[in-house]
file input31.txt (compact mmCIF, C-alpha atoms and all ligand atoms)
# COMPACT_ATOMS: atom_id res chain seq x y z
CA MET A 1 8.28 -37.04 -42.07
CA LYS A 2 11.74 -37.41 -43.51
CA ARG A 3 11.30 -34.34 -45.65
CA ALA A 4 10.00 -32.18 -42.83
CA VAL A 5 13.30 -32.30 -40.95
CA PRO A 6 15.48 -30.34 -43.43
CA ALA A 7 12.65 -27.81 -43.88
CA LEU A 8 12.47 -27.26 -40.15
CA ALA A 9 16.25 -27.06 -39.86
CA ALA A 10 16.36 -24.50 -42.65
CA CYS A 11 13.73 -22.51 -40.86
CA LEU A 12 15.61 -22.56 -37.59
CA LEU A 13 18.75 -21.40 -39.32
CA SER A 14 17.08 -18.59 -41.20
CA SER A 15 14.53 -16.23 -39.77
CA CYS A 16 11.56 -17.57 -41.73
CA GLY A 17 9.79 -19.75 -39.31
CA TYR A 18 7.63 -20.18 -36.33
CA PHE A 19 10.59 -20.66 -34.01
CA SER A 20 12.33 -17.50 -35.08
CA LYS A 21 12.65 -14.72 -32.56
CA ASP A 22 13.12 -12.03 -35.18
CA VAL A 23 10.46 -9.64 -36.38
CA ARG A 24 8.20 -11.48 -38.80
CA PRO A 25 8.76 -10.19 -42.32
CA VAL A 26 5.48 -9.67 -44.19
CA LEU A 27 5.33 -8.58 -47.81
CA ASP A 28 1.74 -9.46 -48.64
CA GLU A 29 -1.65 -9.49 -47.01
CA PRO A 30 -3.27 -11.13 -45.12
CA PHE A 31 -1.50 -9.80 -42.04
CA PRO A 32 -1.15 -11.68 -38.74
CA LYS A 33 -4.36 -11.54 -36.69
CA LYS A 34 -2.52 -10.74 -33.44
CA LEU A 35 0.00 -7.99 -32.81
CA SER A 36 2.20 -10.47 -30.89
CA GLU A 37 2.66 -12.54 -34.06
CA TRP A 38 4.66 -9.72 -35.67
CA ARG A 39 7.26 -10.09 -32.87
CA LEU A 40 7.90 -6.35 -32.97
CA PHE A 41 8.03 -6.47 -29.18
CA VAL A 42 9.58 -9.06 -26.87
CA GLY A 43 8.49 -10.35 -23.45
CA ASP A 44 5.33 -9.03 -21.81
CA LEU A 45 3.70 -7.33 -24.80
CA LYS A 46 2.28 -4.35 -22.90
CA GLN A 47 5.79 -3.27 -21.91
CA LEU A 48 6.39 -2.64 -25.65
CA ARG A 49 10.03 -3.74 -25.36
CA PRO A 50 11.31 -3.44 -28.92
CA ASN A 51 12.78 -6.52 -30.61
CA ALA A 52 16.19 -6.35 -32.30
CA GLY A 53 16.04 -3.85 -35.16
CA VAL A 54 12.86 -2.17 -33.87
CA VAL A 55 13.77 1.46 -33.25
CA PRO A 56 11.68 3.97 -31.28
CA TYR A 57 11.30 7.45 -32.72
CA ASP A 58 9.59 10.71 -31.95
CA LEU A 59 8.48 13.84 -33.80
CA ASN A 60 9.29 17.48 -33.06
CA THR A 61 5.56 18.30 -33.19
CA PRO A 62 3.09 15.40 -33.31
CA LEU A 63 -0.54 15.08 -34.33
CA PHE A 64 -3.06 15.78 -31.56
CA SER A 65 -5.29 12.73 -30.98
CA ASP A 66 -7.59 13.46 -28.04
CA TYR A 67 -4.67 13.71 -25.61
CA ALA A 68 -3.60 10.09 -26.20
CA ASP A 69 0.00 9.22 -25.34
CA LYS A 70 1.74 7.84 -28.39
CA SER A 71 4.82 5.78 -29.02
CA ARG A 72 6.28 5.10 -32.45
CA TYR A 73 8.63 2.45 -33.82
CA VAL A 74 10.25 1.64 -37.15
CA TRP A 75 11.54 -1.69 -38.40
CA MET A 76 13.18 -2.62 -41.69
CA PRO A 77 14.32 -5.96 -43.13
CA LYS A 78 18.01 -6.78 -42.66
CA GLY A 79 20.25 -4.76 -44.96
CA ALA A 80 17.42 -2.54 -46.22
CA ALA A 81 17.37 1.22 -45.75
CA ALA A 82 15.07 4.17 -46.38
CA ARG A 83 16.17 6.86 -48.78
CA TYR A 84 16.32 10.45 -47.52
CA ARG A 85 14.11 13.08 -49.09
CA PRO A 86 14.23 16.68 -47.88
CA THR A 87 10.49 17.42 -47.76
CA GLU A 88 8.47 14.24 -48.36
CA ALA A 89 8.36 11.14 -46.18
CA PHE A 90 11.48 9.02 -46.67
CA GLU A 91 11.29 6.35 -49.34
CA PHE A 92 11.06 3.07 -47.40
CA PRO A 93 12.12 -0.38 -48.60
CA PRO A 94 9.57 -3.17 -49.12
CA GLY A 95 8.76 -4.94 -45.86
CA ALA A 96 9.30 -1.84 -43.69
CA VAL A 97 6.92 -1.57 -40.73
CA LEU A 98 5.91 1.61 -38.88
CA ALA A 99 4.03 1.14 -35.61
CA LYS A 100 2.19 3.71 -33.52
CA THR A 101 0.62 2.89 -30.17
CA PHE A 102 -2.06 4.97 -28.42
CA SER A 103 -2.62 4.85 -24.67
CA TYR A 104 -4.28 6.71 -21.80
CA SER A 105 -2.71 6.67 -18.32
CA GLY A 106 -0.82 3.52 -19.19
CA ARG A 107 -3.81 1.63 -20.63
CA ILE A 108 -3.01 0.78 -24.22
CA VAL A 109 -5.95 1.21 -26.57
CA GLU A 110 -4.62 0.48 -30.04
CA THR A 111 -1.48 -0.09 -32.10
CA ARG A 112 -1.60 0.99 -35.73
CA LEU A 113 0.72 -0.53 -38.29
CA LEU A 114 1.70 0.73 -41.70
CA VAL A 115 3.36 -2.03 -43.70
CA ASN A 116 5.14 -1.48 -47.01
CA THR A 117 3.85 -4.54 -48.90
CA ARG A 118 4.63 -5.54 -52.47
CA LYS A 119 1.49 -3.61 -53.44
CA GLY A 120 2.40 -0.50 -51.46
CA TRP A 121 1.61 0.73 -47.95
CA VAL A 122 -1.26 -0.90 -46.09
CA GLY A 123 -2.59 0.40 -42.75
CA VAL A 124 -4.30 -1.67 -40.05
CA PRO A 125 -5.37 -1.06 -36.44
CA TYR A 126 -4.79 -3.67 -33.70
CA VAL A 127 -7.14 -3.21 -30.75
CA TRP A 128 -5.81 -4.16 -27.31
CA ASN A 129 -7.73 -6.46 -24.98
CA ASP A 130 -8.71 -5.37 -21.47
CA ARG A 131 -6.11 -7.67 -19.92
CA GLN A 132 -3.47 -5.90 -22.02
CA THR A 133 -1.95 -9.20 -23.10
CA ASP A 134 -2.38 -8.79 -26.87
CA ALA A 135 -4.12 -6.81 -29.60
CA THR A 136 -6.29 -8.09 -32.46
CA LEU A 137 -6.53 -6.83 -36.02
CA GLU A 138 -9.96 -5.28 -36.47
CA ILE A 139 -11.23 -3.93 -39.77
CA ALA A 140 -13.91 -1.71 -38.21
CA PRO A 141 -13.25 -1.25 -34.48
CA ASP A 142 -15.85 0.10 -32.00
CA PRO A 143 -15.19 3.36 -30.16
CA VAL A 144 -13.64 2.97 -26.70
CA THR A 145 -14.47 5.09 -23.65
CA VAL A 146 -11.29 6.51 -22.15
CA HIS A 147 -10.52 8.99 -19.41
CA TRP A 148 -8.01 11.80 -19.47
CA LYS A 149 -7.79 14.12 -16.46
CA ASN A 150 -11.40 15.28 -16.01
CA LEU A 151 -12.47 14.41 -19.56
CA THR A 152 -14.40 11.31 -20.61
CA ILE A 153 -13.62 10.73 -24.26
CA GLN A 154 -15.36 8.50 -26.77
CA TYR A 155 -12.13 7.52 -28.42
CA ILE A 156 -12.65 6.57 -32.05
CA ILE A 157 -10.33 4.03 -33.64
CA PRO A 158 -10.36 4.62 -37.39
CA ASN A 159 -11.30 1.69 -39.59
CA THR A 160 -8.93 0.42 -42.27
CA ASN A 161 -10.60 2.55 -44.95
CA GLN A 162 -10.19 5.72 -42.92
CA CYS A 163 -6.41 5.44 -42.74
CA LYS A 164 -6.26 6.85 -46.24
CA SER A 165 -8.36 9.85 -45.31
CA CYS A 166 -5.12 11.21 -43.88
CA HIS A 167 -2.33 8.92 -45.14
CA ASP A 168 -2.98 9.91 -48.74
CA ARG A 169 -0.78 11.48 -51.36
CA SER A 170 -2.17 11.57 -54.89
CA LYS A 171 -4.54 8.72 -53.91
CA THR A 172 -1.89 6.33 -52.60
CA VAL A 173 -1.32 5.40 -48.96
CA VAL A 174 1.85 6.98 -47.56
CA PRO A 175 3.51 7.46 -44.16
CA ILE A 176 3.26 10.97 -42.71
CA GLY A 177 5.63 11.33 -39.76
CA PRO A 178 8.97 10.01 -41.05
CA LYS A 179 10.00 13.25 -42.74
CA ALA A 180 13.25 15.07 -42.12
CA ARG A 181 11.62 18.10 -40.46
CA HIS A 182 9.65 15.93 -38.00
CA LEU A 183 12.51 13.56 -37.13
CA ASN A 184 15.33 16.11 -36.92
CA LYS A 185 15.66 16.10 -33.12
CA THR A 186 17.53 14.38 -30.34
CA TYR A 187 16.08 11.13 -28.99
CA ALA A 188 17.04 9.53 -25.68
CA TYR A 189 18.03 6.06 -26.91
CA SER A 190 18.93 3.32 -24.43
CA THR A 191 22.49 3.87 -25.66
CA GLY A 192 22.35 7.61 -24.97
CA PRO A 193 20.95 10.74 -26.63
CA GLU A 194 21.49 11.13 -30.37
CA ASN A 195 19.93 13.01 -33.28
CA GLN A 196 17.44 10.69 -34.97
CA LEU A 197 18.65 11.35 -38.52
CA GLU A 198 22.21 10.53 -37.43
CA HIS A 199 21.09 7.45 -35.53
CA TRP A 200 19.07 6.07 -38.45
CA THR A 201 22.07 6.66 -40.72
CA LYS A 202 24.47 5.01 -38.28
CA ILE A 203 22.41 1.84 -37.90
CA GLY A 204 21.91 1.60 -41.67
CA TYR A 205 18.21 2.61 -41.74
CA LEU A 206 18.74 5.80 -43.75
CA THR A 207 20.88 6.73 -46.74
CA GLY A 208 21.54 10.13 -48.29
CA ALA A 209 20.78 12.28 -45.23
CA PRO A 210 22.74 15.52 -44.77
CA TYR A 211 24.10 16.60 -41.41
CA PRO A 212 21.16 17.46 -39.14
CA ALA A 213 22.16 21.15 -39.20
CA SER A 214 21.53 21.17 -42.97
CA ALA A 215 18.24 19.27 -42.80
CA PRO A 216 14.87 20.99 -42.21
CA ARG A 217 13.58 20.99 -38.65
CA ASN A 218 10.16 21.86 -37.24
CA ALA A 219 9.82 23.59 -33.90
CA ALA A 220 8.18 21.76 -30.99
CA TRP A 221 4.74 23.36 -30.75
CA ASP A 222 4.75 23.47 -26.93
CA ASN A 223 8.38 24.40 -26.31
CA PRO A 224 9.13 28.14 -26.67
CA SER A 225 12.88 27.49 -26.68
CA SER A 226 12.50 25.45 -29.90
CA GLY A 227 11.26 28.30 -32.08
CA THR A 228 9.35 31.57 -32.36
CA LEU A 229 5.61 31.72 -31.81
CA GLU A 230 5.14 31.71 -35.57
CA GLN A 231 7.45 28.73 -36.07
CA ARG A 232 5.60 26.77 -33.38
CA ALA A 233 2.20 27.65 -34.83
CA ARG A 234 3.32 26.66 -38.31
CA ALA A 235 4.76 23.38 -36.96
CA TYR A 236 1.40 22.70 -35.32
CA LEU A 237 -0.54 23.28 -38.53
CA ASP A 238 2.01 21.21 -40.42
CA ALA A 239 1.59 18.19 -38.14
CA ASN A 240 -2.16 18.48 -37.67
CA CYS A 241 -3.42 19.71 -41.02
CA SER A 242 -0.90 19.56 -43.86
CA HIS A 243 -1.30 15.82 -44.60
CA CYS A 244 -4.67 16.83 -46.12
CA HIS A 245 -3.99 20.50 -46.83
CA ASN A 246 -1.30 20.26 -49.53
CA PRO A 247 -1.44 20.24 -53.34
CA GLN A 248 -1.38 16.39 -53.46
CA GLY A 249 -3.57 15.78 -50.40
CA PRO A 250 -7.27 15.05 -49.89
CA ALA A 251 -8.03 18.77 -49.28
CA ASP A 252 -6.10 19.97 -52.37
CA ASN A 253 -9.24 21.55 -53.84
CA THR A 254 -9.44 24.06 -50.95
CA GLY A 255 -6.21 25.75 -52.02
CA LEU A 256 -5.40 26.05 -48.30
CA TYR A 257 -1.91 24.60 -47.90
CA LEU A 258 -0.59 24.25 -44.38
CA THR A 259 2.90 22.71 -44.65
CA ALA A 260 5.49 24.48 -42.49
CA ASP A 261 7.45 25.68 -45.54
CA GLN A 262 4.49 27.22 -47.43
CA PRO A 263 5.67 30.78 -48.12
CA ASP A 264 2.46 32.39 -49.45
CA PRO A 265 0.30 34.04 -46.73
CA LEU A 266 -2.80 33.59 -48.91
CA ARG A 267 -2.14 29.84 -49.18
CA ILE A 268 -1.95 29.51 -45.41
CA GLY A 269 -5.28 31.30 -45.16
CA PHE A 270 -4.67 35.04 -44.69
CA CYS A 271 -7.47 36.92 -46.46
CA LYS A 272 -8.39 33.71 -48.25
CA VAL A 273 -12.06 33.31 -49.10
CA PRO A 274 -13.08 29.69 -48.34
CA VAL A 275 -14.24 27.35 -51.09
CA ALA A 276 -17.46 26.64 -49.20
CA ALA A 277 -19.07 29.55 -47.34
CA GLY A 278 -21.93 29.32 -44.83
CA HIS A 279 -22.34 27.25 -41.70
CA GLY A 280 -18.96 25.44 -41.74
CA SER A 281 -17.28 28.82 -41.94
CA GLY A 282 -19.26 30.24 -39.02
CA ASP A 283 -20.45 32.89 -41.49
CA LEU A 284 -17.00 34.46 -41.38
CA ARG A 285 -15.37 35.82 -44.52
CA PHE A 286 -11.75 34.69 -44.47
CA ASP A 287 -9.79 31.61 -43.36
CA MET A 288 -7.46 33.92 -41.43
CA VAL A 289 -7.55 37.61 -40.58
CA HIS A 290 -4.42 39.41 -39.35
CA GLY A 291 -4.67 40.20 -35.66
CA LYS A 292 -8.22 38.81 -35.43
CA PRO A 293 -8.48 35.21 -34.25
CA ASP A 294 -12.25 35.58 -33.70
CA GLU A 295 -12.72 36.42 -37.36
CA SER A 296 -10.59 33.55 -38.60
CA ILE A 297 -12.46 30.54 -39.98
CA LEU A 298 -9.42 28.33 -39.46
CA ILE A 299 -9.55 28.90 -35.70
CA HIS A 300 -13.34 28.64 -35.61
CA ARG A 301 -13.06 25.18 -37.16
CA MET A 302 -10.25 24.03 -34.84
CA ASP A 303 -12.40 25.15 -31.91
CA SER A 304 -15.37 22.94 -32.92
CA VAL A 305 -16.41 19.32 -32.54
CA GLU A 306 -19.42 19.68 -34.81
CA PRO A 307 -19.39 17.43 -37.89
CA LYS A 308 -18.83 19.43 -41.11
CA VAL A 309 -17.35 22.28 -39.07
CA MET A 310 -14.52 20.72 -37.12
CA MET A 311 -10.99 20.48 -38.49
CA PRO A 312 -9.40 18.07 -38.76
CA GLU A 313 -12.64 16.44 -39.82
CA ILE A 314 -11.63 13.07 -38.32
CA GLY A 315 -9.18 11.87 -35.70
CA ARG A 316 -10.46 13.73 -32.67
CA SER A 317 -13.63 14.17 -30.64
CA THR A 318 -12.40 16.89 -28.28
CA VAL A 319 -11.07 20.38 -28.89
CA HIS A 320 -7.33 20.74 -28.40
CA ARG A 321 -7.47 23.81 -26.15
CA GLU A 322 -3.71 24.31 -26.01
CA GLY A 323 -3.45 23.99 -29.79
CA VAL A 324 -6.24 26.53 -30.37
CA GLU A 325 -4.57 28.92 -27.91
CA LEU A 326 -1.27 28.66 -29.77
CA ILE A 327 -2.82 29.50 -33.15
CA ARG A 328 -4.89 32.32 -31.60
CA ALA A 329 -1.81 33.86 -29.99
CA TRP A 330 0.07 33.73 -33.28
CA VAL A 331 -2.74 35.19 -35.42
CA LYS A 332 -3.28 37.94 -32.86
CA GLY A 333 0.26 39.19 -33.42
CA VAL A 334 0.28 38.99 -37.22
CA ARG A 335 0.13 42.45 -38.84
CA GLY A 336 -1.68 43.23 -42.07
CA ASP A 337 -5.21 43.63 -43.37
CA CYS A 338 -7.67 42.16 -45.83
CA VAL A 339 -8.74 45.41 -47.48
CA ASN A 340 -7.70 44.16 -50.88
CA PRO A 341 -8.16 40.40 -50.59
CA ARG A 342 -7.14 38.26 -53.51
CA ALA A 343 -9.97 36.13 -54.86
CA ASN A 344 -9.75 32.38 -54.36
CA ASP A 345 -7.88 30.81 -57.28
C1 LIG A 401 -6.87 12.08 -38.76
C2 LIG A 401 -5.82 11.70 -39.66
C3 LIG A 401 -5.27 10.28 -39.53
C4 LIG A 401 -5.96 9.11 -39.62
C5 LIG A 401 -7.44 8.89 -39.84
C6 LIG A 401 -4.98 8.06 -39.47
N1 LIG A 401 -3.73 8.61 -39.29
FE1 LIG A 401 -2.01 7.60 -38.97
N2 LIG A 401 -1.03 9.36 -38.66
C7 LIG A 401 -1.57 10.62 -38.90
C8 LIG A 401 -0.53 11.61 -38.72
C9 LIG A 401 -0.70 13.11 -38.90
C10 LIG A 401 0.64 10.91 -38.38
C11 LIG A 401 2.03 11.49 -38.10
C12 LIG A 401 2.00 12.31 -36.86
C13 LIG A 401 2.11 11.56 -35.59
O1 LIG A 401 2.50 10.37 -35.58
O2 LIG A 401 1.81 12.16 -34.54
C14 LIG A 401 0.28 9.50 -38.37
C15 LIG A 401 1.17 8.46 -38.07
C16 LIG A 401 0.90 7.12 -38.22
C17 LIG A 401 1.85 6.06 -38.05
C18 LIG A 401 3.32 6.25 -37.77
C19 LIG A 401 4.01 6.36 -39.13
C20 LIG A 401 3.65 7.62 -39.87
O3 LIG A 401 3.06 7.52 -40.97
O4 LIG A 401 3.91 8.71 -39.36
C21 LIG A 401 1.19 4.89 -38.29
C22 LIG A 401 1.78 3.51 -38.25
C23 LIG A 401 -0.18 5.22 -38.59
N3 LIG A 401 -0.33 6.59 -38.53
C24 LIG A 401 -1.13 4.29 -38.93
C25 LIG A 401 -2.46 4.61 -39.20
C26 LIG A 401 -3.46 3.62 -39.51
C27 LIG A 401 -3.22 2.12 -39.63
C28 LIG A 401 -4.64 4.28 -39.67
C29 LIG A 401 -6.01 3.69 -39.94
C30 LIG A 401 -6.43 2.63 -39.03
C31 LIG A 401 -4.36 5.70 -39.46
N4 LIG A 401 -3.01 5.85 -39.20
C32 LIG A 401 -5.28 6.71 -39.52
C33 LIG A 401 -2.86 10.90 -39.22
C34 LIG A 401 -3.88 9.96 -39.33
C1 LIG A 402 -8.58 14.50 -43.02
C2 LIG A 402 -8.25 15.59 -43.93
C3 LIG A 402 -8.19 16.97 -43.32
C4 LIG A 402 -7.43 17.38 -42.25
C5 LIG A 402 -6.46 16.59 -41.42
C6 LIG A 402 -7.69 18.77 -42.08
N1 LIG A 402 -8.58 19.21 -43.01
FE1 LIG A 402 -9.28 21.10 -43.25
N2 LIG A 402 -10.40 20.51 -44.85
C7 LIG A 402 -10.48 19.23 -45.33
C8 LIG A 402 -11.41 19.20 -46.44
C9 LIG A 402 -11.78 17.97 -47.25
C10 LIG A 402 -11.91 20.52 -46.61
C11 LIG A 402 -12.96 21.01 -47.63
C12 LIG A 402 -14.37 20.78 -47.14
C13 LIG A 402 -14.77 21.68 -46.00
O1 LIG A 402 -14.55 22.90 -46.08
O2 LIG A 402 -15.28 21.16 -45.01
C14 LIG A 402 -11.25 21.32 -45.58
C15 LIG A 402 -11.44 22.67 -45.40
C16 LIG A 402 -10.81 23.46 -44.45
C17 LIG A 402 -10.96 24.89 -44.33
C18 LIG A 402 -11.71 25.79 -45.30
C19 LIG A 402 -10.63 26.15 -46.34
C20 LIG A 402 -11.04 26.89 -47.56
O3 LIG A 402 -10.35 27.90 -47.88
O4 LIG A 402 -12.01 26.48 -48.22
C21 LIG A 402 -10.21 25.30 -43.27
C22 LIG A 402 -10.05 26.72 -42.74
C23 LIG A 402 -9.59 24.12 -42.73
N3 LIG A 402 -9.96 23.01 -43.48
C24 LIG A 402 -8.72 24.11 -41.65
C25 LIG A 402 -8.05 22.99 -41.20
C26 LIG A 402 -7.13 23.02 -40.10
C27 LIG A 402 -6.75 24.25 -39.31
C28 LIG A 402 -6.71 21.74 -39.93
C29 LIG A 402 -5.77 21.23 -38.87
C30 LIG A 402 -6.00 21.67 -37.50
C31 LIG A 402 -7.33 20.91 -40.94
N4 LIG A 402 -8.13 21.71 -41.68
C32 LIG A 402 -7.11 19.56 -41.09
C33 LIG A 402 -9.78 18.13 -44.87
C34 LIG A 402 -8.91 18.13 -43.79

call {"tool": "encode", "arguments": {"input": "input31.txt", "output": "structure tokens"}}
result
Amino acid sequence: MKRAVPALAACLLSSCGYFSKDVRPVLDEPFPKKLSEWRLFVGDLKQLRPNAGVVPYDLNTPLFSDYADKSRYVWMPKGAAARYRPTEAFEFPPGAVLAKTFSYSGRIVETRLLVNTRKGWVGVPYVWNDRQTDATLEIAPDPVTVHWKNLTIQYIIPNTNQCKSCHDRSKTVVPIGPKARHLNKTYAYSTGPENQLEHWTKIGYLTGAPYPASAPRNAAWDNPSSGTLEQRARAYLDANCSHCHNPQGPADNTGLYLTADQPDPLRIGFCKVPVAAGHGSGDLRFDMVHGKPDESILIHRMDSVEPKVMMPEIGRSTVHREGVELIRAWVKGVRGDCVNPRAND
């Protein structure tokens, strides 16, 4: 008993222990079984009121996930910062936590965490209970039926293995959203509106960032004042496809690269013969054809929910009508022809 007292006192003084109110630092698995145990949020959990040091953030153009509402937060251990990189995700310190919560009409379905452990990034989904009091870590969650407007959606929560189907760069798990071009926008913080890159720098979460005007910035796919039709279409493909379709991603072998800064029209699909022809391609010849959305495999695959046809191949069970319309409108206006197509290389 005598020896327990100093240990407890030490714990109360530092942030290590059970009584701490700070975010729980975790550097190794196993992870806490309940979302509440991380202490990312304070008070009534479903209000998602961020704890000290937990910072909300948003992306210029996000990933479409069956119309789910999403909120995103970042936390880093005291004194630690991420390092700026112009094109890749920032380099985060050990212990950093990224959290993304999915909900429909206020009902929270899941909160996904990416945790930078000593062994690298690990992703886990926490599934919310019906009473919305807490969420539990589940390795292989069941689908959940959700409603959005007049749609009934079998919402699929990816299992822990599937995280790396998308969060993958050269076979290691990586974050996707925290890149300069996604974060370079104003966010309405409780302290007032501020550019996110500037805010992260100010609070010590980011080092090496240039002024926002000198950093890359994606358009907002659904806001015409944020960029041209082409810029918005490219931002959409960047956010929805480029985590697989890039030279280090899981779809590298296709040679179809959809990052917003890809300069080569062939690489983004124009007159590009697909690696696999046939059914998945709708028997069309090219990934994209100037001025002809109906002849473009890329659009055909966005417009499908059929396994082996639909793109992205996981992460949705409905067609994103508004997204398909945006890409159609863009392709319709692109001039050129595929009379002398380059062979796939
Ligand atoms: C279909 C592809 C896909 C799958 C599968 C997927 N993610 Fe993501 N995830 C993304 C994309 C794209 C983003 C960034 C865009 C956004 O947040 O809208 C993202 C963002 C996140 C974020 C916010 C930080 C970041 O990297 O941007 C977390 C946390 C996250 N995902 C966790 C997970 C976990 C955990 C799993 C597995 C249970 C998972 N994700 C499965 C595509 C995917
Ligand atoms: C989870 C990873 C992943 C995501 C995200 C993804 N794809 Fe793919 N994509 C693949 C893989 C793997 C292939 C190769 C196998 C096949 O053709 O089905 C492929 C093939 C394709 C092809 C055929 C390309 C060729 O030239 O062979 C097109 C077109 C395509 N994807 C479009 C898209 C679009 C558009 C998006 C975003 C809306 C997207 N993909 C998102 C993994 C992905």

call {"tool": "residues_near_ligand", "arguments": {"input": "input31.txt", "ligand": "ligand LIG 401 (chain A)", "cutoff": "8 Å", "atoms": "all atoms listed in the file", "output": "ChimeraX atom specification"}}
result
/A:58-59,61-65,70,72-73,97-100,111-115,122-125,157-167,174-178,239-241,243,312-316

call {"tool": "residues_near_ligand", "arguments": {"input": "input31.txt", "ligand": "ligand LIG 402 (chain A)", "cutoff": "7 Å", "atoms": "all atoms listed in the file", "output": "PyMOL selection string"}}
result
chain A and resi 165-166+237+240-245+250-251+254-256+269+272-276+280+287+297-299+301-302+308-309+311-314

call {"tool": "atom_distance", "arguments": {"input": "input31.txt", "atom1": "CA of Asp222 in chain A", "atom2": "CA of Lys332 in chain A"}}
result
17.6 Å

call {"tool": "residues_near_point", "arguments": {"input": "input31.txt", "point": "(-7.8, 7.6, -23.5)", "cutoff": "9 Å", "atoms": "only C-alpha atoms", "output": "ChimeraX atom specification"}}
result
/A:66-69,102-105,107-109,144-148,152-155

call {"tool": "write_last_selection", "arguments": {"input": "input31.txt", "atoms": "C-alpha atoms", "output": "compact mmCIF listing (two decimals), keeping the file's coordinate frame"}}
result
# COMPACT_ATOMS: atom_id res chain seq x y z
CA ASP A 66 -7.59 13.46 -28.04
CA TYR A 67 -4.67 13.71 -25.61
CA ALA A 68 -3.60 10.09 -26.20
CA ASP A 69 0.00 9.22 -25.34
CA PHE A 102 -2.06 4.97 -28.42
CA SER A 103 -2.62 4.85 -24.67
CA TYR A 104 -4.28 6.71 -21.80
CA SER A 105 -2.71 6.67 -18.32
CA ARG A 107 -3.81 1.63 -20.63
CA ILE A 108 -3.01 0.78 -24.22
CA VAL A 109 -5.95 1.21 -26.57
CA VAL A 144 -13.64 2.97 -26.70
CA THR A 145 -14.47 5.09 -23.65
CA VAL A 146 -11.29 6.51 -22.15
CA HIS A 147 -10.52 8.99 -19.41
CA TRP A 148 -8.01 11.80 -19.47
CA THR A 152 -14.40 11.31 -20.61
CA ILE A 153 -13.62 10.73 -24.26
CA GLN A 154 -15.36 8.50 -26.77
CA TYR A 155 -12.13 7.52 -28.42

call {"tool": "atom_distance", "arguments": {"input": "input31.txt", "atom1": "CA of Ala80 in chain A", "atom2": "CA of Thr201 in chain A"}}
result
11.7 Å

call {"tool": "closest_residue", "arguments": {"input": "input31.txt", "among": "A:Thr318, A:Ala135, A:Tyr126, A:Leu48", "to": "Gly106 in chain A", "atoms": "all atoms listed in the file"}}
result
A:Leu48

call {"tool": "closest_residue", "arguments": {"input": "input31.txt", "among": "A:Asp168, A:Arg232, A:Pro247, A:Pro86", "to": "Ser214 in chain A", "atoms": "only C-alpha atoms"}}
result
A:Pro86

call {"tool": "closest_residue", "arguments": {"input": "input31.txt", "among": "A:Arg328, A:His199, A:Arg131, A:Lys46", "to": "Ser296 in chain A", "atoms": "all atoms listed in the file"}}
result
A:Arg328

call {"tool": "residues_around", "arguments": {"input": "input31.txt", "residues": "Pro216 in chain A", "least_positions_apart": "4", "cutoff": "9 Å", "atoms": "all atoms listed in the file", "output": "number ranges by chain"}}
result
A: 86-87, 180-182, 184, 212

call {"tool": "write_last_selection", "arguments": {"input": "input31.txt", "atoms": "C-alpha atoms", "output": "PDB file, in the coordinates of the input"}}
result
ATOM      1  CA  PRO A  86      14.230  16.680 -47.880  1.00  0.00           C
ATOM      2  CA  THR A  87      10.490  17.420 -47.760  1.00  0.00           C
ATOM      3  CA  ALA A 180      13.250  15.070 -42.120  1.00  0.00           C
ATOM      4  CA  ARG A 181      11.620  18.100 -40.460  1.00  0.00           C
ATOM      5  CA  HIS A 182       9.650  15.930 -38.000  1.00  0.00           C
ATOM      6  CA  ASN A 184      15.330  16.110 -36.920  1.00  0.00           C
ATOM      7  CA  PRO A 212      21.160  17.460 -39.140  1.00  0.00           C
TER       8      PRO A 212
END

call {"tool": "atom_distance", "arguments": {"input": "input31.txt", "atom1": "CA of Ile156 in chain A", "atom2": "CA of Asp303 in chain A"}}
result
18.6 Å
